[in-house]
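Structure file run-v3.cif with mmCIF, C-alpha atoms:
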data_coords
loop_
_atom_site.label_atom_id
_atom_site.label_comp_id
_atom_site.auth_asym_id
_atom_site.auth_seq_id
_atom_site.Cartn_x
_atom_site.Cartn_y
_atom_site.Cartn_z
CA MET A 1 5.91 21.90 -44.09
CA ILE A 2 8.86 19.60 -44.43
CA LEU A 3 8.73 17.09 -41.56
CA ASN A 4 6.48 19.40 -39.43
CA LEU A 5 9.12 22.10 -39.00
CA PRO A 6 7.27 24.21 -36.36
CA PHE A 7 6.99 21.17 -34.08
CA ILE A 8 10.73 20.47 -34.32
CA THR A 9 11.43 24.12 -33.41
CA VAL A 10 9.14 23.87 -30.38
CA THR A 11 10.91 20.71 -29.23
CA THR A 12 14.38 22.26 -29.59
CA VAL A 13 13.50 25.42 -27.69
CA ILE A 14 11.83 23.42 -24.86
CA MET A 15 14.96 21.31 -24.52
CA LEU A 16 17.21 24.39 -24.45
CA GLY A 17 15.02 25.96 -21.77
CA LEU A 18 15.09 22.80 -19.64
CA TYR A 19 18.87 22.60 -20.00
CA ALA A 20 19.22 26.19 -18.75
CA MET A 21 16.90 25.51 -15.82
CA ILE A 22 18.60 22.32 -14.65
CA PHE A 23 22.30 22.74 -15.35
CA ARG A 24 22.99 26.39 -14.54
CA ARG A 25 23.87 27.85 -11.15
CA ASN A 26 23.08 31.54 -11.54
CA LEU A 27 19.48 32.43 -10.57
CA ILE A 28 18.99 34.86 -13.46
CA LYS A 29 19.84 32.10 -15.96
CA VAL A 30 17.22 29.84 -14.38
CA VAL A 31 14.61 32.59 -14.89
CA ILE A 32 15.70 32.94 -18.53
CA GLY A 33 15.22 29.19 -19.01
CA LEU A 34 11.66 29.35 -17.67
CA ASP A 35 10.93 32.21 -20.08
CA LEU A 36 12.23 30.11 -22.99
CA VAL A 37 9.90 27.20 -22.11
CA GLU A 38 6.90 29.55 -21.95
CA SER A 39 7.73 31.09 -25.34
CA ALA A 40 7.98 27.66 -26.95
CA VAL A 41 4.58 26.63 -25.59
CA ASN A 42 3.03 29.83 -27.00
CA LEU A 43 4.52 29.03 -30.41
CA PHE A 44 3.04 25.53 -30.26
CA LEU A 45 -0.38 26.94 -29.42
CA VAL A 46 -0.36 29.34 -32.39
CA SER A 47 0.90 26.73 -34.86
CA MET A 48 -2.05 24.46 -34.01
CA GLY A 49 -4.41 26.61 -36.05
CA TYR A 50 -2.63 26.64 -39.38
CA VAL A 51 -4.62 26.11 -42.58
CA LYS A 52 -2.71 25.50 -45.81
CA GLY A 53 -2.79 28.59 -48.05
CA GLY A 54 -4.48 30.73 -45.41
CA ILE A 55 -3.87 34.38 -44.58
CA ALA A 56 -4.17 36.32 -41.32
CA PRO A 57 -7.80 36.58 -40.06
CA ILE A 58 -8.27 40.29 -40.82
CA TYR A 59 -10.69 41.66 -43.40
CA THR A 60 -9.05 45.07 -44.04
CA ASN A 61 -7.69 44.97 -47.64
CA ALA A 62 -7.36 41.21 -47.52
CA PRO A 63 -6.20 39.41 -50.71
CA SER A 64 -8.54 36.45 -50.18
CA THR A 65 -10.95 35.02 -47.63
CA ASP A 66 -9.27 31.71 -46.71
CA MET A 67 -8.16 32.40 -43.18
CA VAL A 68 -6.27 30.54 -40.49
CA LEU A 69 -8.14 29.67 -37.28
CA PRO A 70 -8.31 32.72 -34.97
CA THR A 71 -9.18 31.05 -31.66
CA PRO A 72 -5.69 29.75 -30.66
CA GLN A 73 -4.29 33.25 -31.25
CA ALA A 74 -6.76 34.68 -28.74
CA LEU A 75 -5.73 32.07 -26.14
CA THR A 76 -2.04 32.84 -26.76
CA LEU A 77 -2.58 36.51 -25.85
CA THR A 78 -3.70 35.53 -22.36
CA SER A 79 -0.79 33.09 -22.01
CA ILE A 80 1.79 35.74 -22.92
CA VAL A 81 0.45 38.18 -20.32
CA ILE A 82 0.55 35.49 -17.64
CA GLY A 83 4.17 34.76 -18.60
CA VAL A 84 5.05 38.43 -18.12
CA ALA A 85 3.41 38.46 -14.68
CA THR A 86 5.30 35.32 -13.57
CA THR A 87 8.67 36.66 -14.78
CA ALA A 88 8.14 40.00 -13.01
CA MET A 89 7.45 38.25 -9.69
CA LEU A 90 10.45 35.93 -10.07
CA LEU A 91 12.79 38.84 -10.76
CA SER A 92 11.57 40.76 -7.70
CA PHE A 93 12.28 37.66 -5.59
CA CYS A 94 15.81 37.57 -7.06
CA VAL A 95 16.31 41.18 -5.92
CA VAL A 96 15.31 40.30 -2.33
CA ILE A 97 17.53 37.19 -2.31
CA TYR A 98 20.55 39.17 -3.49
CA ARG A 99 20.03 41.75 -0.77
CA HIS A 100 19.90 39.04 1.90
CA TYR A 101 22.69 36.64 0.88
CA HIS A 102 24.91 38.94 -1.27
CA THR A 103 25.23 36.19 -3.86
CA LEU A 104 23.05 34.58 -6.54
CA ASP A 105 24.63 31.12 -6.55
CA THR A 106 22.02 28.41 -6.00
CA ARG A 107 24.45 26.26 -4.01
CA LYS A 108 24.96 28.99 -1.42
CA VAL A 109 21.40 30.22 -0.79
CA ARG A 110 20.38 27.22 1.28
CA ARG A 111 20.50 28.57 4.82
CA LEU A 112 17.11 29.21 6.41
CA ILE A 113 17.86 31.87 9.01
CA GLU A 114 20.68 34.36 8.64
CA MET B 1 23.00 58.48 -16.60
CA MET B 2 24.33 57.57 -20.00
CA SER B 3 26.42 59.59 -22.48
CA LYS B 4 25.23 62.54 -24.51
CA ILE B 5 24.61 60.55 -27.69
CA VAL B 6 22.22 58.15 -25.93
CA ARG B 7 20.35 60.98 -24.21
CA THR B 8 19.90 62.93 -27.45
CA GLN B 9 18.60 59.85 -29.25
CA ALA B 10 16.18 59.05 -26.41
CA ASN B 11 14.88 62.64 -26.54
CA PHE B 12 14.24 62.31 -30.26
CA LEU B 13 12.60 58.86 -30.17
CA TYR B 14 10.32 59.26 -27.13
CA PRO B 15 7.36 61.08 -28.82
CA LEU B 16 7.60 58.89 -31.93
CA ILE B 17 7.24 55.67 -29.89
CA LEU B 18 4.33 57.19 -27.92
CA ILE B 19 2.46 58.10 -31.12
CA PHE B 20 3.09 54.65 -32.60
CA GLY B 21 1.83 52.94 -29.45
CA PHE B 22 -1.38 54.97 -29.36
CA TYR B 23 -1.92 54.29 -33.07
CA ILE B 24 -1.76 50.54 -32.42
CA VAL B 25 -4.25 50.87 -29.53
CA ALA B 26 -6.71 53.12 -31.38
CA HIS B 27 -6.89 51.01 -34.60
CA GLY B 28 -7.28 47.73 -32.74
CA HIS B 29 -10.46 46.69 -34.54
CA LEU B 30 -9.05 47.22 -38.06
CA THR B 31 -5.40 46.17 -38.12
CA PRO B 32 -3.37 43.65 -36.08
CA GLY B 33 -2.94 45.01 -32.57
CA GLY B 34 -5.26 45.95 -29.80
CA GLY B 35 -5.07 46.84 -26.13
CA PHE B 36 -2.32 44.59 -24.78
CA GLN B 37 0.10 44.98 -27.67
CA GLY B 38 -0.18 48.78 -27.79
CA GLY B 39 0.21 49.08 -24.03
CA ALA B 40 3.46 47.09 -24.17
CA VAL B 41 4.84 49.44 -26.87
CA ILE B 42 4.05 52.53 -24.78
CA ALA B 43 5.73 50.97 -21.75
CA THR B 44 8.81 50.49 -23.97
CA ALA B 45 8.99 54.28 -24.40
CA VAL B 46 8.95 54.77 -20.62
CA ALA B 47 11.70 52.15 -20.27
CA LEU B 48 13.87 53.89 -22.89
CA VAL B 49 13.77 57.26 -21.12
CA ALA B 50 14.25 55.68 -17.68
CA VAL B 51 17.37 53.82 -18.78
CA ALA B 52 18.89 56.81 -20.61
CA TYR B 53 18.50 59.30 -17.77
CA GLY B 54 18.81 57.21 -14.60
CA TYR B 55 16.20 56.77 -11.89
CA GLY B 56 17.06 59.86 -9.84
CA ARG B 57 16.31 62.36 -12.59
CA ILE B 58 13.32 60.57 -14.10
CA SER B 59 11.39 60.16 -10.83
CA VAL B 60 10.70 63.91 -10.79
CA TRP B 61 8.60 63.64 -13.96
CA ILE B 62 7.16 60.10 -13.95
CA LYS B 63 5.86 59.31 -10.49
CA LYS B 64 4.62 55.96 -9.24
CA THR B 65 1.35 57.41 -7.94
CA HIS B 66 0.36 58.70 -11.41
CA LEU B 67 1.01 55.32 -12.99
CA THR B 68 -0.93 53.38 -10.34
CA ALA B 69 -3.82 55.84 -10.74
CA ALA B 70 -3.79 55.22 -14.51
CA GLU B 71 -3.85 51.47 -13.96
CA GLY B 72 -6.80 51.66 -11.58
CA ILE B 73 -8.80 53.97 -13.86
CA GLY B 74 -8.19 51.67 -16.84
CA LEU B 75 -9.47 48.54 -15.10
CA LEU B 76 -12.46 50.43 -13.66
CA CYS B 77 -13.50 51.76 -17.11
CA PHE B 78 -13.23 48.24 -18.53
CA ILE B 79 -15.57 46.80 -15.88
CA ILE B 80 -18.09 49.68 -16.15
CA THR B 81 -18.28 49.29 -19.94
CA ALA B 82 -18.96 45.59 -19.44
CA PHE B 83 -21.85 46.37 -17.09
CA PHE B 84 -23.74 48.69 -19.45
CA GLY B 85 -25.35 45.95 -21.54
CA ILE B 86 -26.63 44.00 -18.53
CA GLY B 87 -30.17 43.87 -20.01
CA THR B 88 -29.18 41.00 -22.34
CA SER B 89 -26.01 39.61 -20.74
CA PHE B 90 -22.73 40.61 -19.14
CA PHE B 91 -20.28 42.03 -21.78
CA TYR B 92 -23.06 42.59 -24.36
CA ASN B 93 -21.95 44.78 -27.27
CA PHE B 94 -24.77 47.32 -27.05
CA LEU B 95 -23.23 49.87 -29.47
CA ALA B 96 -22.60 47.66 -32.53
CA SER B 97 -24.76 48.50 -35.60
CA SER B 98 -26.88 50.96 -33.65
CA GLY B 99 -26.02 54.31 -35.24
CA GLY B 100 -24.72 55.77 -32.01
CA LEU B 101 -21.16 56.51 -30.96
CA PHE B 102 -19.24 53.69 -32.72
CA GLY B 103 -22.12 52.11 -34.54
CA ASN B 104 -21.87 52.01 -38.35
CA ARG B 105 -22.82 48.80 -40.08
CA VAL B 106 -20.25 46.59 -41.80
CA GLY B 107 -21.23 44.02 -44.41
CA TYR B 108 -19.51 40.73 -45.05
CA GLY B 109 -16.45 40.91 -47.28
CA VAL B 110 -13.17 42.66 -47.90
CA ASN B 111 -13.27 46.43 -47.32
CA PRO B 112 -10.89 49.26 -46.37
CA GLY B 113 -11.43 49.74 -42.68
CA TYR B 114 -13.70 52.46 -41.29
CA LEU B 115 -12.90 53.87 -37.89
CA ASN B 116 -16.46 54.50 -36.74
CA THR B 117 -17.51 50.84 -36.43
CA ALA B 118 -17.31 48.00 -33.89
CA GLY B 119 -19.28 49.12 -30.88
CA THR B 120 -17.69 48.84 -27.45
CA ILE B 121 -14.46 47.29 -28.75
CA PRO B 122 -12.46 50.59 -29.23
CA ILE B 123 -13.53 51.78 -25.77
CA MET B 124 -12.31 48.53 -24.21
CA ASN B 125 -9.08 48.76 -26.23
CA LEU B 126 -8.31 52.19 -24.77
CA ALA B 127 -9.10 51.07 -21.21
CA VAL B 128 -6.88 47.98 -21.43
CA GLY B 129 -4.08 49.98 -23.12
CA ILE B 130 -3.99 52.49 -20.26
CA GLU B 131 -4.05 49.66 -17.74
CA VAL B 132 -1.12 47.79 -19.31
CA LEU B 133 0.88 51.05 -19.57
CA GLY B 134 0.33 51.75 -15.87
CA GLY B 135 1.09 48.19 -14.81
CA LEU B 136 4.33 47.69 -16.72
CA GLY B 137 5.54 51.21 -15.85
CA VAL B 138 5.02 50.62 -12.12
CA ILE B 139 6.89 47.30 -12.28
CA LEU B 140 9.81 49.06 -14.01
CA MET B 141 9.90 51.89 -11.47
CA TYR B 142 9.88 49.51 -8.49
CA LEU B 143 12.66 47.36 -9.95
CA MET B 144 14.84 50.39 -10.71
CA SER B 145 14.47 52.14 -7.39
CA TYR B 146 16.10 49.65 -5.05
CA ARG B 147 19.40 50.62 -3.44
CA MET B 148 21.67 48.25 -1.65
CA GLU B 149 23.49 48.98 1.57
CA VAL B 150 27.11 47.88 1.59
CA ARG B 151 27.87 45.98 4.77
CA GLY B 152 31.38 45.67 6.13
CA MET C 1 28.61 9.70 -12.37
CA ARG C 2 25.44 11.59 -11.41
CA ASN C 3 26.11 14.27 -14.02
CA SER C 4 26.47 11.75 -16.85
CA LEU C 5 23.25 9.99 -15.79
CA MET C 6 21.37 13.29 -15.92
CA ILE C 7 22.72 14.02 -19.40
CA LEU C 8 21.68 10.53 -20.59
CA VAL C 9 18.10 11.02 -19.35
CA PHE C 10 18.09 14.46 -20.98
CA PHE C 11 19.02 13.10 -24.40
CA THR C 12 16.47 10.27 -24.12
CA LEU C 13 13.76 12.85 -23.47
CA PHE C 14 14.94 14.90 -26.44
CA ALA C 15 14.81 11.85 -28.73
CA ALA C 16 11.28 10.97 -27.55
CA PHE C 17 10.06 14.55 -28.17
CA LEU C 18 11.62 14.57 -31.65
CA TYR C 19 9.98 11.27 -32.56
CA VAL C 20 6.53 12.59 -31.62
CA ALA C 21 7.17 15.92 -33.41
CA ILE C 22 8.13 14.30 -36.73
CA ASN C 23 5.54 11.51 -36.74
CA PRO C 24 2.48 12.41 -34.62
CA GLY C 25 0.44 9.43 -35.76
CA ASP C 26 -3.14 9.44 -34.55
CA PHE C 27 -2.88 12.59 -32.37
CA GLY C 28 -5.87 11.48 -30.35
CA TYR C 29 -8.37 11.13 -33.20
CA SER C 30 -10.65 8.23 -32.37
CA THR C 31 -11.33 7.00 -35.92
CA GLY C 32 -7.77 6.11 -36.85
CA GLU C 33 -7.08 9.03 -39.18
CA HIS C 34 -3.60 10.49 -39.37
CA PHE C 35 -2.68 14.01 -38.35
CA VAL C 36 -1.71 16.24 -41.28
CA PHE C 37 -0.11 19.58 -40.46
CA GLY C 38 -2.21 22.31 -42.05
CA GLU C 39 -5.61 20.63 -42.16
CA PRO C 40 -7.33 21.05 -38.81
CA ARG C 41 -10.22 18.70 -38.27
CA PHE C 42 -12.44 20.51 -35.76
CA SER C 43 -12.99 23.97 -37.22
CA ASP C 44 -16.77 24.49 -37.03
CA MET C 45 -16.61 27.11 -34.26
CA ASP C 46 -13.88 29.07 -36.05
CA ASN C 47 -15.82 29.02 -39.34
CA TYR C 48 -18.80 30.50 -37.48
CA PHE C 49 -16.56 33.23 -36.02
CA ILE C 50 -15.01 34.08 -39.40
CA HIS C 51 -18.36 34.26 -41.23
CA ASN C 52 -20.43 36.13 -38.66
CA SER C 53 -18.08 38.49 -36.84
CA GLN C 54 -18.59 41.40 -39.24
CA ASN C 55 -22.40 41.21 -39.04
CA GLN C 56 -22.67 40.82 -35.30
CA THR C 57 -19.82 42.94 -33.95
CA GLY C 58 -18.82 45.20 -36.85
CA ALA C 59 -15.07 44.64 -36.42
CA ASN C 60 -12.72 43.76 -39.27
CA ASN C 61 -10.22 42.10 -36.95
CA VAL C 62 -11.58 38.67 -36.01
CA VAL C 63 -9.00 38.05 -33.27
CA THR C 64 -9.88 41.31 -31.45
CA ALA C 65 -13.60 40.49 -31.79
CA ILE C 66 -12.99 37.09 -30.16
CA VAL C 67 -10.83 38.53 -27.37
CA PHE C 68 -13.12 41.43 -26.45
CA ASP C 69 -16.61 40.36 -27.53
CA TYR C 70 -17.15 36.61 -27.84
CA ARG C 71 -14.70 35.64 -25.05
CA GLY C 72 -14.66 38.89 -23.06
CA PHE C 73 -14.77 37.20 -19.67
CA ASP C 74 -11.33 35.66 -20.19
CA THR C 75 -9.95 39.15 -20.85
CA LEU C 76 -11.40 40.27 -17.53
CA GLY C 77 -9.52 37.46 -15.78
CA GLU C 78 -6.32 38.34 -17.61
CA ALA C 79 -6.52 42.01 -16.58
CA THR C 80 -7.01 40.86 -12.98
CA VAL C 81 -3.88 38.67 -13.23
CA LEU C 82 -1.83 41.65 -14.43
CA TYR C 83 -3.21 43.80 -11.60
CA THR C 84 -2.36 41.12 -9.02
CA ALA C 85 1.21 40.82 -10.35
CA VAL C 86 1.76 44.58 -9.99
CA LEU C 87 0.29 44.44 -6.47
CA ALA C 88 2.63 41.60 -5.47
CA VAL C 89 5.77 43.28 -6.89
CA GLY C 90 4.88 46.50 -5.08
CA LEU C 91 4.34 44.61 -1.82
CA VAL C 92 7.60 42.63 -1.93
CA LEU C 93 9.83 45.52 -2.96
CA ARG C 94 8.14 48.05 -0.71
CA MET C 95 9.21 46.29 2.48
CA LEU C 96 12.74 46.51 1.14
CA LEU C 97 12.69 50.33 1.10
CA LYS C 98 11.10 50.61 4.56
CA GLU C 99 13.77 48.31 6.00
CA GLU C 100 16.48 50.55 4.60
CA ARG C 101 14.98 53.71 6.00
CA ARG C 102 14.61 52.11 9.44
CA ASP C 103 18.27 51.01 9.36
CA GLU C 104 19.33 54.54 8.45
CA ASN C 105 17.22 56.03 11.27
CA ASP C 106 18.65 53.64 13.87
CA GLU C 107 22.29 54.45 13.14
#

As a first step, turn the structure in this file into structure tokens.
Amino acid sequence: MILNLPFITVTTVIMLGLYAMIFRRNLIKVVIGLDLVESAVNLFLVSMGYVKGGIAPIYTNAPSTDMVLPTPQALTLTSIVIGVATTAMLLSFCVVIYRHYHTLDTRKVRRLIE
Amino acid sequence: MMSKIVRTQANFLYPLILIFGFYIVAHGHLTPGGGFQGGAVIATAVALVAVAYGYGRISVWIKKTHLTAAEGIGLLCFIITAFFGIGTSFFYNFLASSGGLFGNRVGYGVNPGYLNTAGTIPIMNLAVGIEVLGGLGVILMYLMSYRMEVRG
Amino acid sequence: MRNSLMILVFFTLFAAFLYVAINPGDFGYSTGEHFVFGEPRFSDMDNYFIHNSQNQTGANNVVTAIVFDYRGFDTLGEATVLYTAVLAVGLVLRMLLKEERRDENDE
């Protein structure tokens, strides 16, 4: 790859996710930023196992037998499911916060007892 | 509830997405796919119908108790299948290359895939697919069913 | 003032990440070799999986054989995580509905 192009993509998406998490005030946009960071880390994990000139590690009607490494792909499956579980819990907390404070602005949801 | 065009299209696409999802789950040991990916596709079909018709009309057909029952049965079948090969180890593949239910032999090399191979892996694929369908469907139903009181 | 300081730190972090992404250098290898994208150095375990998965498990898909046969215990943990997430969402949003019904009964 020219200049390790997958690594540059991972860096850009991590920075965009961190920007959305730090500089935005709406709670839903903060959750979207966390999802972006998790997707970039999954891409990094899959791109660790690349072999030059390799195909997908499946033997059904395969054109050759030089395959990429299959172990990081198995670890990425678990990581994606854990990302889904985290996002579901965060969104249900957003629902409860909106019912209590009637707003989703992070500067206004600071009171402890209402 | 959305307009008539969206409802007609959701009616037409719902069985096609279900068949495609079960195809991905059932051929998990031959083509890219497996339990988790196929379960997510089937949950997409439930989400399509739930968005097109609204929660009030869809909760008559797709109940939360059915989906939680499916999730529990899926996880239980996965654990019981893992316990069957306890003579050698936990999670032992006791059906591979044995001539029984899913037990044809496969040699090394490129071949067109045969459905009758790979031991306990298709059974575990089905169990995990049903569990992911139940789990994601229940999360969708709980998030769609909240109503907010308007104060003041 | 505080906003511009945060943006400066942000861009410094971005520049540091880009430098490591373009030129990884040693990447933790202890013998001083350079990291080349596309030639993994430690691939003995994956070569064993690719060569022996059709004899031992009978599956054409090596990734599914790893997830459900060679590393099946991790899949058990992952199914438990999904089950716990559904349990937690049901618990948090269920109190919401009970609170509404109690408010309607009181009025």

Counting all atoms listed in the file, which residues in chain C sit no more than 8 Å from chain A? For each one, give the nearest pair of atoms and the distance in Å, sorted by chain then residue number, as a tab-separated table.
residue	atom	partner	partner_atom	distance
C:Phe14	CA	A:Met15	CA	6.7
C:Phe17	CA	A:Thr11	CA	6.3
C:Leu18	CA	A:Ile8	CA	6.5
C:Ala21	CA	A:Phe7	CA	5.3
C:Ile22	CA	A:Leu3	CA	5.6
C:Phe37	CA	A:Asn4	CA	6.7
C:Gly38	CA	A:Val51	CA	4.5
C:Glu39	CA	A:Val51	CA	5.6
C:Pro40	CA	A:Gly49	CA	6.9
C:Ser43	CA	A:Leu69	CA	7.5
C:Asp46	CA	A:Leu69	CA	5.9
C:Asn47	CA	A:Leu69	CA	8.0
C:Ile50	CA	A:Pro57	CA	7.7
C:Asn60	CA	A:Tyr59	CA	5.1
C:Asn61	CA	A:Ile58	CA	4.7
C:Val62	CA	A:Pro57	CA	5.9
C:Val63	CA	A:Pro70	CA	5.6
C:Thr64	CA	A:Ala74	CA	7.8
C:Ile66	CA	A:Ala74	CA	6.8
C:Val67	CA	A:Ala74	CA	5.8
C:Asp74	CA	A:Thr78	CA	7.9
C:Thr75	CA	A:Thr78	CA	7.4
C:Glu78	CA	A:Thr78	CA	6.1
C:Val81	CA	A:Ile82	CA	7.0
C:Leu82	CA	A:Ala85	CA	6.1
C:Ala85	CA	A:Ala85	CA	5.4
C:Val86	CA	A:Ala85	CA	7.9
C:Ala88	CA	A:Met89	CA	7.2
C:Val89	CA	A:Met89	CA	6.0
C:Val92	CA	A:Ser92	CA	7.2
C:Leu93	CA	A:Ser92	CA	6.9
C:Leu96	CA	A:Val96	CA	7.6

* What gap, in Å, lies between CA of Gly129 in chain B and CA of Gly38 in chain B? ->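 If I compute the distance from CA of Gly129 in chain B to CA of Gly38 in chain B, I get 6.2 Å.
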
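Atom to atom, CA of Gly35 in chain B and CA of Gln9 in chain B stand 27.2 Å apart.
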
* CA of Tyr92 in chain B and CA of Phe49 in chain C are how many Å apart? ->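 About the pair CA of Tyr92 in chain B and CA of Phe49 in chain C: they are 16.3 Å apart.
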
* Where does the PyMOL selection byres ((chain B) within 12 of (chain A)) land in this file, that is, which residues does it pick, as a PyMOL selection string? -> chain B and resi 27-37+39-40+106-115+132+135-152

Box centre and edge lengths (Å, one decimal), axis-aligned, range 96-109 of chain B plus 6 Å each side, as JSON:
{"center_x": -21.7, "center_y": 48.6, "center_z": -39.1, "size_x": 22.4, "size_y": 27.8, "size_z": 28.3}

* To do: Please evaluate the PyMOL selection byres ((chain C) within 8 of (chain B)) against the displayed coordinates and give the resulting residues as an MDAnalysis selection string.
  => chainID C and resid 51:52 54:61 64:65 68:69 72:73 76 79 82:83 86 89:90 93 96:97 100

* Residues picked by the PyMOL selection byres ((chain B and resi 50) around 10) here, as a ChimeraX atom specification? -> /B:1,10,44-49,51-59,62,137,140-141,144
